[in-house]
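A quick write-up on the structure given underneath.
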Amino acid sequence: MKIRLDRDRCIGASLCLLAAPEVFDQDDEGVVLLRDEDPAEELRVPVLDAVQRCPASVITVVQNDAAG
Amino acid sequence: MALPTMPHAGSDLPDLPLPREHECPFGPPAEYAQLRQEAPVVRVRCPTGLVAWLVTRYADARAVLGDPRRFRTRPGQAGHILAHMRPDLPVGEGEFSRMDGPDHLRFRRHMAPEISALRRVDQLRPLVRRIVDERIDHLAGLTPPVDLHTTFSRPITTSVIAELLGVPQTERVLFQQAADALFDAGMSKDGLDQTLMPLMEYLHGLVARRRQNPGDDTLSSLVTRNDDAGSGFTDQELVTMAAAMLIAGYDTTASMLTYGTLLLLEHPDELDRLRRDPGLAATASEEMVRYLGVGTGLLREVAEDTEIGGQAVAAGDFVVVAIQSANRDPELVDHADLLDVGRKAPAHLGFGHGPHQCLGQQLARLELTTVLSTLPGRIPTLRLATPLAAVEFKTNTVILGPSRLPVSWDAVLPADRTDVPR
């Protein structure tokens with residue numbers, strides 16, 4: 001699944017790293033980084049958990065025709 | 001309180017329901033369940049005289065806090081309770097808790113690496129563990145009963161935040177007094193400014209000294225990163241960031257430690273689960289924050305005509321987000337009124353939501369988890385030294401919890417110095 005980040009909104013709360021450490025990291029400023037722009041389907045649950053927990057609406061899972 | 005109906009002109013509005021004596025001290029007043037079901041967005045009168053839309057459901061509370069464009073923090077997040085937080089006051093230099101958008105974000109970005117980035121939190125783990133171990137060792141030398149709030153909770157959070165910011169022991173009373181004044185609903189604006197002045201003066205001096213001679217503390221880092229990167233923060237803004245961390249870091253977490261300990265003492269089965277398995281400390285901390293967090297709610301101001309949960313609201317209207325009620329909403333989690341230290345944490349609102357979500361949440365989690373993984377095992381016979389009905393709770397404040405918590409024990413066991421579970 002494709003993930004898009006709106007990094008300008010990130011406040012460095014680190015909740016995405018805790019929810020899905022395989023997918024999300026952070027730079028020296030605490031701002032979110034993607035470890036993997038296109039993580040495997042098996043990671044959908046933790047990724048959606050990270051989306052919900054992010055306080056600043058930074059993370060979007062991009063819908064596409066194949067994956068839905 | 002009778003369930004409020006929509007008022008017509010001239011009628012009195014119902015009062016904002018707040019915790020009352022002789023009721024369960026661990027949750028929102030009983031009428032919130034009915035409000036969630038029958039009047040989820042309803043006008044109430046707040047203690048400071050403001051009229052506000054009271055929002056009690058999880059989904060609506062989350063929507064309000066998550067959208068600072070439509071619901072802004074300009075009036076001050078506790079202006080419904082604290083008399084000194086008048087919504088008409090101009091936003092002060094560095095008063096980031098009342099800013100939104102890019103103005104606010106630059107402050108959060110400057111502080112995040114110091115206090116909420118995970119690398120930083122991991123670095124702080126040994127310090128917090130040492131402070132907690134030493135404080136429990138200190139209790140071992142006292143004769144019970146003692147007040148847990150002043151002998152345990154406050155010293156721990158004071159030491160952690162003061163060491164983090166590089167404030168020496170002798171000056172800590174400055175921010176303790178500032179916290180007491182800031183969170184006092186009866187304090188006047190002039191009284192608050194007078195109490196804050198010595199702290200602010202001290203911090204201005206400390207900023208200048210750290211600029212000359214930086215250490216490896218957070219205040220030095222805030223100053224040198226600003227100067228090196230040309231971030232453009234004034235000294236007043238740097239001082240306000242430091243003061244905010246000291247004040248919030250001290251009192252909010254101390255109150256949660258005391259309040260949470262009382263909660264567990266009154267739920268002995270859950271305390272026992274935690275004692276037998278210290279690995280539950282992280283989920284127990286999260287459940288404690290869900291159960292007890294932000295009992296007096298958060299204030300916002302509507303920025304443009306819009307709606308909340310289908311209820312039309314107008315620009316200029318105030319909104320009180322009832323955090324505790326939202327955290328007990330069955331839509332959030334099953335058995336929401338049950339305390340379960342092993343509960344897989346839902347995305348609760350105990351640390352807030354949106355860009356203003358608690359700056360210190362990861363540090364708070366670290367302190368709570370460290371205490372909950374060690375205190376039950378080291379003082380297994382910890383108990384209240386007074387009946388629950390006699391415990392005094394803070395009144396006229398926004399940081400709820402016991403003002404004193406008399407506790408006793410038979411013995412304090414030595415620390416095993418093993419790692420704190422995440």
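Just so we're on the same page: first chain in the structure tokens is A, next is B, and so on; residues restart at 1 for each chain, and ligands are numbered from 1 in the order they show up.
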Contact residues (chain A, partner chain B, 7 Å, only C-alpha atoms) as a tab-separated table (two decimals) with N, CA and C atoms, in the first residue's frame:
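Output saved as iface20.tsv:
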chain	number	residue	atom	x	y	z
A	11	ILE	N	4.29	17.14	14.34
A	11	ILE	CA	4.71	17.80	15.58
A	11	ILE	C	5.69	16.94	16.38
A	12	GLY	N	6.11	15.80	15.83
A	12	GLY	CA	7.11	14.99	16.50
A	12	GLY	C	6.59	14.23	17.71
A	13	ALA	N	5.31	13.87	17.71
A	13	ALA	CA	4.72	13.15	18.85
A	13	ALA	C	5.21	11.71	18.95
A	14	SER	N	5.73	11.17	17.85
A	14	SER	CA	6.32	9.81	17.81
A	14	SER	C	5.30	8.68	17.92
A	28	ASP	N	16.41	13.79	12.98
A	28	ASP	CA	16.99	14.35	14.20
A	28	ASP	C	16.11	15.42	14.83
A	29	GLU	N	15.18	15.96	14.03
A	29	GLU	CA	14.26	16.96	14.56
A	29	GLU	C	13.01	16.32	15.15
A	30	GLY	N	12.90	15.00	15.04
A	30	GLY	CA	11.70	14.32	15.51
A	30	GLY	C	10.61	14.23	14.47
A	53	ARG	N	-3.72	7.32	15.18
A	53	ARG	CA	-3.09	7.90	16.36
A	53	ARG	C	-2.37	9.21	16.07
A	55	PRO	N	-1.62	12.76	15.71
A	55	PRO	CA	-2.45	13.89	16.13
A	55	PRO	C	-2.63	14.96	15.06
A	56	ALA	N	-1.75	14.97	14.04
A	56	ALA	CA	-1.70	16.11	13.13
A	56	ALA	C	-2.09	15.76	11.70
Looking only at alpha helix (DSSP H) from DSSP on the backbone, list the matching residues of chain A as a list in words.
Leu15, Cys16, Leu17, Leu18, Ala19, Arg44, Val45, Pro46, Val47, Leu48, Asp49, Ala50, Val51, Gln52 and Arg53 of chain A
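Residue nearest Pro28 (chain B) within the list B:Gly293, B:Pro387, B:Gly316, B:Gly377: B:Gly293 [criterion: smallest interatomic distance, only C-alpha atoms].
Between CA of Gly186 (chain B) and CA of Val289 (chain B) the separation is 26.0 Å.
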Region 41-289 of chain B: which residues are strand (DSSP E) by DSSP, as a PyMOL selection string?
chain B and resi 41-45+51-55+71-72+146-147
Selection from above, all heavy atoms, as a short mmCIF file (atom, residue, chain, number, x, y, z; two decimals), in the first residue's frame, can you write it?
data_model
loop_
_atom_site.label_atom_id
_atom_site.label_comp_id
_atom_site.auth_asym_id
_atom_site.auth_seq_id
_atom_site.Cartn_x
_atom_site.Cartn_y
_atom_site.Cartn_z
N VAL B 41 -24.07 17.55 21.83
CA VAL B 41 -23.50 18.89 21.64
C VAL B 41 -24.53 19.86 22.20
O VAL B 41 -25.59 20.06 21.59
CB VAL B 41 -23.21 19.18 20.15
CG1 VAL B 41 -22.55 20.55 20.00
CG2 VAL B 41 -22.34 18.10 19.54
N VAL B 42 -24.23 20.44 23.37
CA VAL B 42 -25.28 21.19 24.07
C VAL B 42 -24.66 22.39 24.78
O VAL B 42 -23.53 22.32 25.26
CB VAL B 42 -26.01 20.25 25.06
CG1 VAL B 42 -25.10 19.82 26.20
CG2 VAL B 42 -27.27 20.90 25.61
N ARG B 43 -25.40 23.50 24.85
CA ARG B 43 -24.85 24.71 25.46
C ARG B 43 -24.91 24.65 26.98
O ARG B 43 -25.92 24.24 27.56
CB ARG B 43 -25.60 25.95 24.95
CG ARG B 43 -25.07 26.40 23.59
CD ARG B 43 -26.08 27.23 22.84
NE ARG B 43 -26.31 28.55 23.40
CZ ARG B 43 -25.52 29.61 23.21
NH1 ARG B 43 -24.44 29.50 22.48
NH2 ARG B 43 -25.81 30.77 23.75
N VAL B 44 -23.80 25.04 27.61
CA VAL B 44 -23.72 25.06 29.08
C VAL B 44 -23.05 26.36 29.51
O VAL B 44 -22.39 27.02 28.72
CB VAL B 44 -22.89 23.87 29.63
CG1 VAL B 44 -23.57 22.53 29.33
CG2 VAL B 44 -21.47 23.88 29.11
N ARG B 45 -23.22 26.66 30.80
CA ARG B 45 -22.54 27.82 31.38
C ARG B 45 -21.36 27.30 32.20
O ARG B 45 -21.49 26.40 33.00
CB ARG B 45 -23.48 28.63 32.27
CG ARG B 45 -22.84 29.95 32.75
CD ARG B 45 -23.85 30.84 33.47
NE ARG B 45 -24.99 31.20 32.63
CZ ARG B 45 -24.97 32.12 31.68
NH1 ARG B 45 -23.87 32.80 31.44
NH2 ARG B 45 -26.07 32.38 30.98
N VAL B 51 -20.25 30.89 28.05
CA VAL B 51 -21.23 29.94 27.53
C VAL B 51 -20.52 29.15 26.44
O VAL B 51 -19.82 29.72 25.60
CB VAL B 51 -22.46 30.68 26.96
CG1 VAL B 51 -23.38 29.71 26.22
CG2 VAL B 51 -23.20 31.41 28.08
N ALA B 52 -20.65 27.84 26.47
CA ALA B 52 -19.92 27.01 25.52
C ALA B 52 -20.75 25.81 25.10
O ALA B 52 -21.64 25.37 25.83
CB ALA B 52 -18.61 26.51 26.15
N TRP B 53 -20.43 25.28 23.91
CA TRP B 53 -21.01 24.01 23.47
C TRP B 53 -20.22 22.89 24.16
O TRP B 53 -19.01 22.80 23.99
CB TRP B 53 -20.88 23.85 21.95
CG TRP B 53 -21.67 24.84 21.16
CD1 TRP B 53 -21.22 25.97 20.56
CD2 TRP B 53 -23.07 24.76 20.88
NE1 TRP B 53 -22.25 26.61 19.93
CE2 TRP B 53 -23.40 25.90 20.10
CE3 TRP B 53 -24.10 23.85 21.21
CZ2 TRP B 53 -24.70 26.15 19.65
CZ3 TRP B 53 -25.39 24.10 20.75
CH2 TRP B 53 -25.67 25.24 19.98
N LEU B 54 -20.90 22.05 24.93
CA LEU B 54 -20.25 20.92 25.59
C LEU B 54 -20.31 19.72 24.66
O LEU B 54 -21.39 19.29 24.24
CB LEU B 54 -20.96 20.60 26.91
CG LEU B 54 -20.41 19.41 27.70
CD1 LEU B 54 -18.97 19.68 28.13
CD2 LEU B 54 -21.29 19.12 28.92
N VAL B 55 -19.13 19.18 24.30
CA VAL B 55 -19.02 18.08 23.35
C VAL B 55 -18.56 16.85 24.11
O VAL B 55 -17.47 16.85 24.70
CB VAL B 55 -17.99 18.44 22.23
CG1 VAL B 55 -17.73 17.24 21.32
CG2 VAL B 55 -18.51 19.62 21.42
N PHE B 71 -11.39 25.20 14.82
CA PHE B 71 -11.54 25.32 16.28
C PHE B 71 -10.20 25.72 16.88
O PHE B 71 -9.31 24.89 17.01
CB PHE B 71 -12.02 23.98 16.87
CG PHE B 71 -13.28 23.47 16.24
CD1 PHE B 71 -13.24 22.44 15.31
CD2 PHE B 71 -14.51 24.04 16.56
CE1 PHE B 71 -14.41 21.97 14.72
CE2 PHE B 71 -15.68 23.58 15.96
CZ PHE B 71 -15.64 22.55 15.04
N ARG B 72 -10.08 26.99 17.23
CA ARG B 72 -8.75 27.47 17.60
C ARG B 72 -8.58 27.61 19.12
O ARG B 72 -9.56 27.64 19.88
CB ARG B 72 -8.47 28.79 16.91
CG ARG B 72 -9.51 29.84 17.15
CD ARG B 72 -9.27 31.01 16.22
NE ARG B 72 -10.16 32.12 16.56
CZ ARG B 72 -10.19 33.26 15.91
NH1 ARG B 72 -9.38 33.46 14.88
NH2 ARG B 72 -11.02 34.22 16.28
N VAL B 146 2.66 8.70 55.40
CA VAL B 146 3.19 9.90 54.76
C VAL B 146 2.23 10.32 53.65
O VAL B 146 1.42 9.52 53.19
CB VAL B 146 4.61 9.66 54.16
CG1 VAL B 146 5.57 9.17 55.22
CG2 VAL B 146 4.54 8.71 52.98
N ASP B 147 2.38 11.57 53.21
CA ASP B 147 1.59 12.06 52.06
C ASP B 147 2.34 11.70 50.78
O ASP B 147 3.44 12.22 50.53
CB ASP B 147 1.40 13.58 52.17
CG ASP B 147 0.80 14.19 50.92
OD1 ASP B 147 0.23 13.43 50.10
OD2 ASP B 147 0.90 15.41 50.75
#
Rounded to one decimal in Å, what is the spacing between CA of Tyr32 (chain B) and CA of Gly49 (chain B)?
20.6 Å
Extract, using only C-alpha atoms, all DNA, RNA and protein residues at most 10 Å from Ala40 (chain A), discarding same-chain residues fewer than 6 positions from it, and format them as a list in words.
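Counting only C-alpha atoms, the residues come to Met1, Lys2 and Val23 of chain A.
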Take the residues just selected and output them with C-alpha atoms as a short mmCIF file (atom, residue, chain, number, x, y, z; two decimals), in the first residue's frame.
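Saved as again24.cif:
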data_model
loop_
_atom_site.label_atom_id
_atom_site.label_comp_id
_atom_site.auth_asym_id
_atom_site.auth_seq_id
_atom_site.Cartn_x
_atom_site.Cartn_y
_atom_site.Cartn_z
CA MET A 1 0.00 0.00 0.00
CA LYS A 2 1.26 3.47 -0.83
CA VAL A 23 7.16 1.60 8.52
#
